[in-house]
>>> print(open('input_32.txt').read())   # compact mmCIF, C-alpha atoms and all ligand atoms
# COMPACT_ATOMS: atom_id res chain seq x y z
CA MET A 1289 -74.01 -26.28 5.12
CA PRO A 1290 -74.69 -22.61 4.28
CA HIS A 1291 -72.99 -19.83 6.31
CA THR A 1292 -75.90 -17.41 6.49
CA MET A 1293 -79.56 -17.66 7.39
CA GLN A 1294 -82.74 -15.62 7.19
CA ALA A 1295 -83.83 -14.10 10.51
CA MET A 1296 -86.38 -11.57 11.78
CA LEU A 1297 -84.58 -8.99 13.86
CA ILE A 1298 -85.07 -5.62 15.47
CA ASN A 1299 -82.41 -2.93 15.75
CA HIS A 1300 -84.08 -1.04 18.60
CA TYR A 1301 -87.01 -1.41 20.97
CA GLY A 1302 -90.27 -0.25 19.45
CA GLN A 1303 -89.40 -1.33 15.90
CA LYS A 1304 -92.92 -2.40 14.93
CA GLN A 1305 -91.86 -4.24 11.78
CA PRO A 1306 -88.82 -6.44 12.36
CA ASP A 1307 -86.42 -6.68 9.39
CA ARG A 1308 -85.98 -9.91 7.51
CA VAL A 1309 -82.21 -10.08 6.99
CA LEU A 1310 -79.37 -12.46 6.24
CA VAL A 1311 -77.15 -13.08 9.28
CA PRO A 1312 -74.40 -15.61 10.07
CA ILE A 1313 -75.57 -19.01 11.27
CA PRO A 1314 -74.70 -19.24 14.99
CA THR A 1315 -71.86 -21.49 16.13
CA PRO A 1316 -72.97 -23.96 18.82
CA GLY A 1317 -71.03 -23.97 22.10
CA PRO A 1318 -69.86 -27.23 23.76
CA SER A 1319 -73.25 -27.88 25.44
CA ASP A 1320 -75.32 -26.63 22.50
CA VAL A 1321 -76.97 -28.22 19.53
CA LEU A 1322 -77.53 -26.38 16.27
CA VAL A 1323 -81.12 -26.81 15.13
CA ALA A 1324 -82.52 -26.22 11.64
CA ILE A 1325 -85.78 -24.62 12.69
CA HIS A 1326 -88.83 -25.94 10.87
CA ALA A 1327 -91.44 -23.93 12.76
CA ALA A 1328 -91.72 -21.39 15.59
CA SER A 1329 -94.83 -20.13 17.34
CA ILE A 1330 -95.79 -16.55 18.10
CA ASN A 1331 -96.15 -15.67 21.77
CA PRO A 1332 -97.21 -12.30 23.21
CA ILE A 1333 -93.72 -12.08 24.79
CA ASP A 1334 -92.44 -11.55 21.22
CA PHE A 1335 -94.19 -8.23 20.70
CA LYS A 1336 -93.67 -7.27 24.35
CA THR A 1337 -89.93 -7.85 23.85
CA ARG A 1338 -90.02 -5.95 20.55
CA ASP A 1339 -91.64 -2.99 22.31
CA GLY A 1340 -89.29 -3.08 25.30
CA ALA A 1341 -92.27 -3.71 27.58
CA VAL A 1342 -90.41 -6.32 29.63
CA ARG A 1343 -87.18 -4.33 29.94
CA MET A 1344 -87.42 -4.34 33.72
CA LEU A 1345 -87.10 -8.14 33.67
CA LEU A 1346 -85.18 -8.87 30.47
CA LYS A 1347 -82.43 -6.75 28.91
CA TYR A 1348 -81.22 -7.47 25.41
CA GLN A 1349 -78.37 -6.33 23.19
CA MET A 1350 -79.40 -5.04 19.76
CA PRO A 1351 -79.78 -6.16 17.05
CA LEU A 1352 -82.01 -8.91 18.44
CA ILE A 1353 -83.57 -11.88 16.68
CA LEU A 1354 -87.07 -12.40 18.08
CA GLY A 1355 -88.80 -15.71 18.82
CA SER A 1356 -89.18 -17.80 21.95
CA ASP A 1357 -89.98 -21.40 21.01
CA PHE A 1358 -89.46 -23.76 18.10
CA ALA A 1359 -89.43 -27.26 16.64
CA GLY A 1360 -86.73 -28.46 14.30
CA GLU A 1361 -84.00 -30.95 13.43
CA ILE A 1362 -80.54 -31.13 14.98
CA VAL A 1363 -77.83 -30.58 12.35
CA GLN A 1364 -74.76 -30.21 14.59
CA VAL A 1365 -73.88 -31.08 18.19
CA GLY A 1366 -71.34 -29.50 20.57
CA SER A 1367 -68.45 -31.54 22.03
CA ARG A 1368 -70.19 -32.03 25.41
CA VAL A 1369 -73.64 -32.91 24.10
CA THR A 1370 -74.65 -36.33 25.37
CA ARG A 1371 -78.44 -36.37 25.21
CA PHE A 1372 -79.05 -35.65 21.51
CA LYS A 1373 -77.64 -36.54 18.12
CA ILE A 1374 -77.71 -35.17 14.59
CA GLY A 1375 -81.06 -35.91 12.97
CA ASP A 1376 -83.13 -35.77 16.20
CA ALA A 1377 -86.45 -33.95 15.90
CA VAL A 1378 -86.56 -31.67 18.94
CA TYR A 1379 -88.50 -28.74 20.33
CA GLY A 1380 -87.84 -26.21 23.04
CA ARG A 1381 -87.91 -22.82 24.67
CA PRO A 1382 -84.37 -21.38 24.67
CA ARG A 1383 -83.21 -19.59 27.82
CA LYS A 1384 -84.18 -15.94 27.90
CA SER A 1385 -80.68 -14.65 27.18
CA ARG A 1386 -80.58 -16.74 23.98
CA ILE A 1387 -83.91 -16.26 22.21
CA GLY A 1388 -84.08 -15.98 18.42
CA THR A 1389 -86.30 -18.71 16.99
CA PHE A 1390 -87.70 -16.65 14.09
CA ALA A 1391 -84.70 -17.73 12.06
CA GLU A 1392 -83.61 -20.69 9.99
CA TYR A 1393 -81.13 -21.92 12.63
CA LEU A 1394 -80.71 -21.66 16.40
CA ALA A 1395 -77.88 -22.70 18.71
CA VAL A 1396 -79.54 -23.87 21.92
CA ASP A 1397 -78.34 -25.47 25.15
CA GLN A 1398 -79.18 -29.19 25.34
CA ALA A 1399 -80.78 -28.57 28.76
CA ASP A 1400 -83.51 -26.45 27.14
CA ILE A 1401 -84.83 -28.96 24.59
CA ALA A 1402 -86.56 -32.34 24.41
CA GLN A 1403 -87.41 -34.90 21.75
CA MET A 1404 -90.60 -33.64 20.15
CA PRO A 1405 -93.74 -35.80 20.26
CA GLN A 1406 -93.58 -38.43 17.51
CA ASN A 1407 -97.27 -38.03 16.72
CA LEU A 1408 -96.93 -34.32 15.81
CA SER A 1409 -95.74 -32.41 12.77
CA TYR A 1410 -93.10 -29.70 13.27
CA PRO A 1411 -95.65 -26.83 13.25
CA GLU A 1412 -97.84 -28.68 15.75
CA ALA A 1413 -94.89 -29.32 18.06
CA ALA A 1414 -93.74 -25.69 17.80
CA ALA A 1415 -97.07 -24.63 19.30
CA LEU A 1416 -96.29 -26.25 22.64
CA PRO A 1417 -93.02 -25.39 24.44
CA LEU A 1418 -93.69 -21.93 25.88
CA VAL A 1419 -97.37 -22.33 26.75
CA GLY A 1420 -96.87 -25.93 27.89
CA LEU A 1421 -93.95 -25.21 30.21
CA THR A 1422 -95.61 -22.10 31.65
CA THR A 1423 -98.78 -23.97 32.54
CA TYR A 1424 -96.93 -27.05 33.79
CA GLN A 1425 -94.95 -24.79 36.14
CA ALA A 1426 -98.11 -22.99 37.29
CA PHE A 1427 -100.18 -26.12 37.96
CA HIS A 1428 -97.51 -28.55 39.20
CA ASP A 1429 -94.81 -26.42 40.77
CA MET A 1430 -96.77 -23.43 42.08
CA LEU A 1431 -100.34 -24.54 42.71
CA GLN A 1432 -99.82 -28.28 43.08
CA LEU A 1433 -103.34 -28.58 41.70
CA GLN A 1434 -105.28 -31.48 43.26
CA PRO A 1435 -108.17 -33.61 41.94
CA ASN A 1436 -111.56 -31.91 42.42
CA GLN A 1437 -110.05 -28.49 43.10
CA LYS A 1438 -111.77 -25.69 41.22
CA ILE A 1439 -109.72 -23.43 39.00
CA LEU A 1440 -110.67 -20.51 36.78
CA ILE A 1441 -108.56 -20.30 33.63
CA GLN A 1442 -108.83 -16.84 32.12
CA ALA A 1443 -108.91 -16.66 28.29
CA GLY A 1444 -109.40 -20.39 27.71
CA SER A 1445 -109.33 -19.95 23.92
CA GLY A 1446 -105.80 -18.48 23.84
CA GLY A 1447 -102.44 -20.19 23.50
CA ILE A 1448 -102.07 -20.59 27.25
CA GLY A 1449 -105.74 -21.31 27.88
CA THR A 1450 -106.12 -24.12 25.35
CA PHE A 1451 -103.21 -25.98 26.96
CA ALA A 1452 -104.29 -25.09 30.51
CA ILE A 1453 -107.82 -26.47 30.20
CA GLN A 1454 -106.43 -29.81 29.04
CA LEU A 1455 -103.80 -30.01 31.81
CA ALA A 1456 -106.27 -28.98 34.54
CA LYS A 1457 -108.66 -31.74 33.43
CA LEU A 1458 -105.82 -34.26 33.26
CA MET A 1459 -104.95 -33.39 36.87
CA GLY A 1460 -108.56 -34.03 37.87
CA ALA A 1461 -109.54 -30.43 38.57
CA TYR A 1462 -112.84 -28.70 37.79
CA ALA A 1463 -112.06 -26.05 35.17
CA ALA A 1464 -114.08 -22.92 34.50
CA THR A 1465 -112.92 -20.58 31.77
CA THR A 1466 -113.68 -17.21 30.21
CA THR A 1467 -113.84 -16.53 26.47
CA SER A 1468 -116.23 -15.16 23.81
CA GLY A 1469 -119.42 -17.08 23.07
CA THR A 1470 -118.07 -18.00 19.62
CA ASN A 1471 -115.30 -20.04 21.29
CA ARG A 1472 -117.63 -21.99 23.58
CA ALA A 1473 -117.48 -25.18 21.44
CA LEU A 1474 -113.68 -25.03 21.27
CA VAL A 1475 -113.10 -24.79 25.03
CA THR A 1476 -115.87 -27.28 25.85
CA ASP A 1477 -114.27 -29.76 23.47
CA LEU A 1478 -110.97 -29.29 25.34
CA GLY A 1479 -112.73 -30.24 28.58
CA ALA A 1480 -113.88 -26.96 30.20
CA ASP A 1481 -116.60 -27.69 32.78
CA GLN A 1482 -118.03 -24.19 32.81
CA VAL A 1483 -117.71 -21.46 30.19
CA ILE A 1484 -118.28 -17.78 30.90
CA ASP A 1485 -118.79 -15.50 27.92
CA TYR A 1486 -116.96 -12.43 29.17
CA HIS A 1487 -119.00 -10.16 26.88
CA GLN A 1488 -122.22 -11.26 28.57
CA GLU A 1489 -121.31 -12.08 32.14
CA ASN A 1490 -118.87 -11.02 34.80
CA PHE A 1491 -117.01 -14.02 36.21
CA THR A 1492 -117.30 -12.59 39.73
CA ASP A 1493 -121.11 -12.82 39.47
CA VAL A 1494 -121.02 -16.49 38.52
CA LEU A 1495 -118.10 -18.15 40.33
CA HIS A 1496 -117.28 -18.41 44.02
CA ASP A 1497 -115.27 -20.58 46.43
CA TYR A 1498 -112.59 -21.37 43.89
CA ASP A 1499 -109.26 -22.86 44.90
CA ALA A 1500 -107.29 -20.96 42.29
CA VAL A 1501 -107.33 -18.53 39.40
CA TYR A 1502 -104.87 -18.79 36.53
CA ASP A 1503 -104.74 -15.18 35.39
CA THR A 1504 -103.59 -14.42 31.85
CA LEU A 1505 -105.22 -11.00 31.65
CA GLY A 1506 -103.79 -8.81 34.43
CA GLY A 1507 -105.24 -5.37 35.22
CA ASP A 1508 -108.72 -5.20 36.71
CA ASN A 1509 -109.42 -8.87 35.88
CA LEU A 1510 -106.54 -9.77 38.19
CA LEU A 1511 -107.80 -7.57 41.03
CA GLN A 1512 -111.31 -8.98 40.63
CA ALA A 1513 -110.00 -12.57 40.68
CA PHE A 1514 -109.39 -12.46 44.45
CA LYS A 1515 -113.16 -12.21 45.02
CA ILE A 1516 -113.91 -15.71 43.75
CA VAL A 1517 -111.09 -17.56 45.58
CA LYS A 1518 -111.70 -19.08 48.99
CA PRO A 1519 -109.37 -18.28 51.91
CA GLY A 1520 -106.13 -20.24 51.61
CA GLY A 1521 -106.39 -20.33 47.80
CA ALA A 1522 -104.15 -18.63 45.27
CA VAL A 1523 -104.11 -16.38 42.24
CA VAL A 1524 -101.27 -17.17 39.86
CA SER A 1525 -100.74 -14.46 37.29
CA LEU A 1526 -98.76 -14.47 34.07
CA SER A 1527 -99.73 -10.95 33.12
CA GLY A 1528 -99.91 -9.05 36.39
CA LEU A 1529 -96.99 -7.27 37.95
CA PRO A 1530 -94.08 -9.16 39.46
CA ASP A 1531 -94.32 -8.78 43.23
CA GLY A 1532 -91.54 -8.17 45.77
CA LYS A 1533 -91.31 -11.93 46.53
CA PHE A 1534 -90.72 -12.73 42.87
CA ALA A 1535 -88.20 -9.91 42.53
CA ARG A 1536 -86.23 -11.19 45.56
CA ALA A 1537 -86.30 -14.82 44.40
CA ASP A 1538 -85.21 -13.73 40.91
CA GLY A 1539 -82.26 -11.83 42.41
CA LEU A 1540 -83.34 -8.47 41.00
CA PRO A 1541 -81.50 -5.44 42.40
CA LEU A 1542 -82.92 -3.86 45.56
CA TRP A 1543 -84.32 -0.83 43.75
CA LYS A 1544 -86.35 -3.07 41.43
CA GLN A 1545 -87.57 -5.13 44.38
CA ALA A 1546 -88.74 -1.91 46.05
CA LEU A 1547 -90.36 -0.65 42.86
CA PHE A 1548 -92.29 -3.88 42.24
CA SER A 1549 -93.29 -4.00 45.87
CA LEU A 1550 -94.69 -0.48 45.59
CA ALA A 1551 -96.45 -1.17 42.29
CA THR A 1552 -98.23 -4.24 43.71
CA ARG A 1553 -99.67 -2.47 46.77
CA ALA A 1554 -103.25 -2.90 45.54
CA ILE A 1555 -102.65 -6.62 45.00
CA ARG A 1556 -101.13 -7.05 48.46
CA LYS A 1557 -104.15 -5.33 49.92
CA ARG A 1558 -106.39 -7.90 48.20
CA GLU A 1559 -104.20 -10.75 49.47
CA LYS A 1560 -104.77 -9.61 53.05
CA GLN A 1561 -108.46 -8.80 52.56
CA TYR A 1562 -109.33 -12.21 51.05
CA HIS A 1563 -106.58 -14.37 52.63
CA VAL A 1564 -105.62 -15.44 49.13
CA ALA A 1565 -101.99 -15.68 47.99
CA TYR A 1566 -100.72 -13.82 44.92
CA ARG A 1567 -97.97 -15.44 42.88
CA PHE A 1568 -96.43 -13.94 39.75
CA LEU A 1569 -95.03 -16.58 37.41
CA PHE A 1570 -92.30 -15.95 34.87
CA MET A 1571 -91.78 -19.29 33.15
CA LYS A 1572 -88.37 -20.96 32.90
CA PRO A 1573 -86.99 -23.12 30.10
CA SER A 1574 -86.73 -26.82 31.03
CA GLY A 1575 -85.93 -29.69 28.71
CA GLU A 1576 -86.80 -32.08 31.53
CA GLN A 1577 -90.33 -30.77 31.96
CA LEU A 1578 -90.75 -30.58 28.20
CA ALA A 1579 -89.93 -34.30 28.00
CA LEU A 1580 -92.87 -34.91 30.38
CA ILE A 1581 -95.10 -32.87 28.08
CA THR A 1582 -93.90 -35.02 25.16
CA GLN A 1583 -95.14 -38.10 27.04
CA LEU A 1584 -98.55 -36.52 27.66
CA VAL A 1585 -98.91 -35.63 24.00
CA GLU A 1586 -97.78 -39.05 22.78
CA ALA A 1587 -100.27 -40.66 25.18
CA GLY A 1588 -103.02 -38.58 23.55
CA GLU A 1589 -103.74 -36.70 26.80
CA ILE A 1590 -102.91 -33.24 25.42
CA ARG A 1591 -102.98 -31.85 21.90
CA PRO A 1592 -101.85 -28.56 20.43
CA VAL A 1593 -104.58 -26.19 19.30
CA ILE A 1594 -103.58 -24.24 16.21
CA ASP A 1595 -105.25 -21.12 14.90
CA GLU A 1596 -103.12 -20.82 11.77
CA ILE A 1597 -99.82 -21.85 10.22
CA VAL A 1598 -98.20 -19.21 8.01
CA PRO A 1599 -95.07 -19.22 5.82
CA PHE A 1600 -92.01 -17.26 7.01
CA ALA A 1601 -92.77 -14.65 4.34
CA ASP A 1602 -96.02 -13.79 6.21
CA PHE A 1603 -94.32 -13.31 9.58
CA GLN A 1604 -95.59 -9.73 10.01
CA GLN A 1605 -99.18 -10.74 9.39
CA ALA A 1606 -98.80 -13.51 12.00
CA MET A 1607 -97.43 -11.03 14.57
CA ASP A 1608 -100.27 -8.59 13.85
CA HIS A 1609 -102.81 -11.38 14.22
CA SER A 1610 -101.38 -12.39 17.59
CA GLU A 1611 -101.14 -8.80 18.78
CA ALA A 1612 -104.84 -8.23 18.03
CA GLY A 1613 -105.44 -10.54 21.02
CA HIS A 1614 -108.08 -12.91 19.65
CA ALA A 1615 -106.16 -15.95 18.43
CA ARG A 1616 -107.89 -19.30 18.92
CA GLY A 1617 -104.96 -21.37 20.12
CA LYS A 1618 -101.54 -20.83 18.60
CA ILE A 1619 -100.23 -19.02 15.53
CA VAL A 1620 -97.25 -20.80 14.02
CA VAL A 1621 -94.66 -19.62 11.48
CA LYS A 1622 -93.16 -22.22 9.16
CA MET A 1623 -89.48 -21.74 8.26
CA GLN A 1624 -89.07 -24.75 5.99
N1 LIG B 1 -95.26 -14.75 32.66
C1 LIG B 1 -95.04 -15.73 31.78
O1 LIG B 1 -94.11 -16.55 31.93
C2 LIG B 1 -95.95 -15.88 30.59
C3 LIG B 1 -95.89 -17.01 29.78
C4 LIG B 1 -96.80 -17.14 28.73
C5 LIG B 1 -97.74 -16.15 28.49
N2 LIG B 1 -97.75 -15.05 29.29
C6 LIG B 1 -98.76 -14.00 29.08
O2 LIG B 1 -100.05 -14.57 29.20
C7 LIG B 1 -100.95 -13.84 28.37
C8 LIG B 1 -101.77 -14.81 27.53
O3 LIG B 1 -100.93 -15.44 26.60
P1 LIG B 1 -101.55 -16.28 25.40
O4 LIG B 1 -100.42 -16.85 24.63
O5 LIG B 1 -102.60 -17.19 25.89
O6 LIG B 1 -102.24 -15.10 24.56
P2 LIG B 1 -103.18 -15.20 23.31
O7 LIG B 1 -103.13 -16.58 22.73
O8 LIG B 1 -102.86 -14.07 22.41
O9 LIG B 1 -104.66 -14.95 23.91
C9 LIG B 1 -105.68 -14.72 23.03
C10 LIG B 1 -107.00 -15.16 23.65
O10 LIG B 1 -107.37 -14.27 24.72
C11 LIG B 1 -108.78 -14.21 24.75
N3 LIG B 1 -109.20 -12.98 25.46
C12 LIG B 1 -108.86 -11.71 25.15
N4 LIG B 1 -109.43 -10.87 26.05
C13 LIG B 1 -110.11 -11.64 26.93
C14 LIG B 1 -110.90 -11.36 28.09
N5 LIG B 1 -111.08 -10.11 28.53
N6 LIG B 1 -111.45 -12.39 28.75
C15 LIG B 1 -111.27 -13.66 28.34
N7 LIG B 1 -110.55 -14.00 27.24
C16 LIG B 1 -109.98 -12.99 26.55
C17 LIG B 1 -109.17 -14.18 23.30
O11 LIG B 1 -110.50 -14.68 23.18
P3 LIG B 1 -111.61 -13.77 22.43
O12 LIG B 1 -111.25 -13.77 20.99
O13 LIG B 1 -112.86 -14.50 22.77
O14 LIG B 1 -111.52 -12.40 23.03
C18 LIG B 1 -108.14 -15.08 22.63
O15 LIG B 1 -108.61 -16.39 22.39
C19 LIG B 1 -100.11 -12.85 27.57
O16 LIG B 1 -100.16 -11.59 28.19
C20 LIG B 1 -98.70 -13.41 27.71
O17 LIG B 1 -97.69 -12.44 27.59
C21 LIG B 1 -96.87 -14.87 30.31
>>> encode(input="input_32.txt", output="structure tokens", more="lines below")
Ligand SMILES: NC(=O)c1ccc[n+]([C@@H]2O[C@H](COP(=O)([O-])OP(=O)(O)OC[C@H]3O[C@@H](n4cnc5c(N)ncnc54)[C@H](OP(=O)(O)O)[C@@H]3O)[C@@H](O)[C@H]2O)c1
Amino acid sequence: MPHTMQAMLINHYGQKQPDRVLVPIPTPGPSDVLVAIHAASINPIDFKTRDGAVRMLLKYQMPLILGSDFAGEIVQVGSRVTRFKIGDAVYGRPRKSRIGTFAEYLAVDQADIAQMPQNLSYPEAAALPLVGLTTYQAFHDMLQLQPNQKILIQAGSGGIGTFAIQLAKLMGAYAATTTSGTNRALVTDLGADQVIDYHQENFTDVLHDYDAVYDTLGGDNLLQAFKIVKPGGAVVSLSGLPDGKFARADGLPLWKQALFSLATRAIRKREKQYHVAYRFLFMKPSGEQLALITQLVEAGEIRPVIDEIVPFADFQQAMDHSEAGHARGKIVVKMQ
């Protein structure tokens, strides 16, 4: 077993090009496993973290290894690990205080991982944990999406969207989605019932009486979303601002609660005007929920959608590609 590993790290917020350096391999704690990472996917949270854009919600010590989900093989287990053994092929989203998957090894709590689907390769499995858990939590825990309900999934061709269309259909919902015309075949193949080319049409001109919007875009798209939801429905946003309710539930200090409450005034106005609830979602790691996703994938109900798989040496190109905002599915970095 070597003592050092390659990792992509930043020394300060705003460091556009993370350094590829040799660092010590982490030592797993009693409830941790040490994973030899085979692949890790890029998520927009990676460049938002790099830029310090989520500092109000997540604070990190520098230097910081980036990377938020992975698939790999367990090479060591802590003394209190009961659910996994050396040699298991696992995947996961480490808790937010312990990110760092753009590296050859990761020590991760056993509660944050699951056996990866047996019908997937490591890069395919690495495409799923963050987008899968986020959408599972939005549709099951927050919206409790019911058969025949109508949901708009913004950006159906993205990492989140390609998973969300499949899960919405599996839950029996009617799924509309926005994307460019060139991605129409992709999202239709995933099950989208209605596709809106956002370059040609405004979704508010086409859709009405929806039960829910799954907002991945934020900004004006989020404000406009309230118009198409019927009273009693909900807008769940991944990219809008956290509201006061979220800040309270997350135990943020009072000044942050007040700040978020102030910043979401326009959203609260829309909530009242349309009688539509606004919920900000910040996903949580969960090995348990990931195990359910494994079952769905093994049953052939959901598949990862991959834009490209790149070697670790091309990490920067993969980040740039993701940051450009037009990936079709997931971009995955291969470590081994
Ligand atoms: N809060 C949370 O817990 C959480 C969790 C996961 C993700 N997120 C956030 O959710 C957002 C989406 O994540 P992602 O992984 O899906 O990103 P992504 O994969 O980078 O999304 C890229 C996709 O967005 C589409 N797109 C861009 N602009 C669009 C527009 N105006 N209308 C419709 N589609 C558009 C692009 O299609 P075209 O090429 O056709 O433009 C592309 O396919 C990010 O901001 C991310 O940070 C938050």
>>> closest_residue(input="input_32.txt", among="A:Ala1615, A:Ala1587, A:Ala1426, A:Ala1551", to="ligand LIG 1 (chain B)", atoms="only C-alpha atoms and all ligand atoms")
A:Ala1615
>>> closest_residue(input="input_32.txt", among="A:Lys1515, A:Gln1437, A:Val1396, A:Ile1362", to="Asp1376 of chain A", atoms="only C-alpha atoms")
A:Ile1362
>>> atom_distance(input="input_32.txt", atom1="atom C19 of ligand LIG 1 (chain B)", atom2="atom CA of Ala1377 of chain A")
27.7 Å
>>> closest_residue(input="input_32.txt", among="A:Thr1492, A:Gln1454, A:Gln1605, A:Ser1409", to="Tyr1424 of chain A", atoms="only C-alpha atoms")
A:Gln1454
>>> residues_around(input="input_32.txt", residues="Lys1304 of chain A", least_positions_apart="2", cutoff="8 Å", atoms="all atoms listed in the file", output="list in words")
Gly1302, Pro1306, Arg1338 and Asp1339 of chain A
>>> residues_near_ligand(input="input_32.txt", ligand="ligand LIG 1 (chain B)", cutoff="7 Å", atoms="only C-alpha atoms and all ligand atoms", output="PyMOL selection string")
chain A and resi 1331-1333+1418-1419+1422+1442-1449+1466-1468+1471+1486+1504-1505+1526-1527+1569-1571+1610-1611+1613-1618
>>> residues_around(input="input_32.txt", residues="Val1311 of chain A", least_positions_apart="2", cutoff="7 Å", atoms="all atoms listed in the file", output="ChimeraX atom specification")
/A:1292-1295,1309,1313
>>> write_last_selection(input="input_32.txt", atoms="C-alpha atoms", output="compact mmCIF listing (two decimals), in the coordinates of the input")
# COMPACT_ATOMS: atom_id res chain seq x y z
CA THR A 1292 -75.90 -17.41 6.49
CA MET A 1293 -79.56 -17.66 7.39
CA GLN A 1294 -82.74 -15.62 7.19
CA ALA A 1295 -83.83 -14.10 10.51
CA VAL A 1309 -82.21 -10.08 6.99
CA ILE A 1313 -75.57 -19.01 11.27
>>> atom_distance(input="input_32.txt", atom1="atom CA of Ala1500 of chain A", atom2="atom CA of Leu1458 of chain A")
16.1 Å
>>> closest_residue(input="input_32.txt", among="A:Gly1360, A:Gly1507, A:Gly1380, A:Gly1366", to="Glu1576 of chain A", atoms="all atoms listed in the file")
A:Gly1380
>>> atom_distance(input="input_32.txt", atom1="atom CA of Asp1400 of chain A", atom2="atom CA of Ile1330 of chain A")
18.2 Å
>>> closest_residue(input="input_32.txt", among="A:Ile1597, A:Leu1408, A:Leu1297, A:Ala1456", to="Ile1387 of chain A", atoms="all atoms listed in the file")
A:Leu1297
>>> residues_around(input="input_32.txt", residues="Phe1603 of chain A", least_positions_apart="5", cutoff="12 Å", atoms="all atoms listed in the file", output="VMD selection string")
chain A and resid 1295 to 1297 1305 to 1308 1327 to 1330 1334 1354 to 1355 1390 to 1391 1596 to 1598 1608 to 1610 1619 to 1623
>>> residues_around(input="input_32.txt", residues="Val1321 of chain A", least_positions_apart="3", cutoff="9 Å", atoms="only C-alpha atoms", output="list in words")
Pro1316, Gly1317, Pro1318, Ile1362, Val1363, Gln1364, Val1365, Gly1366, Val1369, Phe1372, Lys1373, Ile1374, Leu1394, Ala1395, Val1396, Asp1397 and Gln1398 of chain A
>>> closest_atom_pairs(input="input_32.txt", of="segment 1402-1457 of chain A", to="segment 1322-1326 of chain A", cutoff="9 Å", atoms="only C-alpha atoms", output="tab-separated table")
residue	atom	partner	partner_atom	distance
A:Tyr1410	CA	A:His1326	CA	6.2
A:Pro1411	CA	A:His1326	CA	7.3
A:Ala1414	CA	A:His1326	CA	8.5
>>> decode(input="input_32.txt", residues="segment 1602-1624 of chain A", atoms="C-alpha atoms", output="CSV table (one decimal), in the first residue's frame")
chain,number,residue,atom,x,y,z
A,1602,ASP,CA,-7.5,15.8,-18.3
A,1603,PHE,CA,-9.3,16.9,-15.1
A,1604,GLN,CA,-9.1,20.7,-16.0
A,1605,GLN,CA,-10.7,20.1,-19.4
A,1606,ALA,CA,-13.5,18.2,-17.7
A,1607,MET,CA,-14.1,21.0,-15.2
A,1608,ASP,CA,-14.1,23.6,-18.0
A,1609,HIS,CA,-16.5,21.5,-20.0
A,1610,SER,CA,-18.9,21.2,-17.0
A,1611,GLU,CA,-18.6,24.9,-16.2
A,1612,ALA,CA,-19.6,25.9,-19.7
A,1613,GLY,CA,-23.1,24.6,-18.7
A,1614,HIS,CA,-24.0,22.4,-21.7
A,1615,ALA,CA,-23.1,18.9,-20.7
A,1616,ARG,CA,-25.4,16.2,-21.9
A,1617,GLY,CA,-25.6,14.1,-18.8
A,1618,LYS,CA,-22.6,13.6,-16.6
A,1619,ILE,CA,-18.8,14.2,-17.1
A,1620,VAL,CA,-16.7,11.6,-15.3
A,1621,VAL,CA,-13.0,11.6,-14.4
A,1622,LYS,CA,-11.3,8.2,-14.3
A,1623,MET,CA,-8.6,7.8,-11.6
A,1624,GLN,CA,-7.5,4.2,-12.5
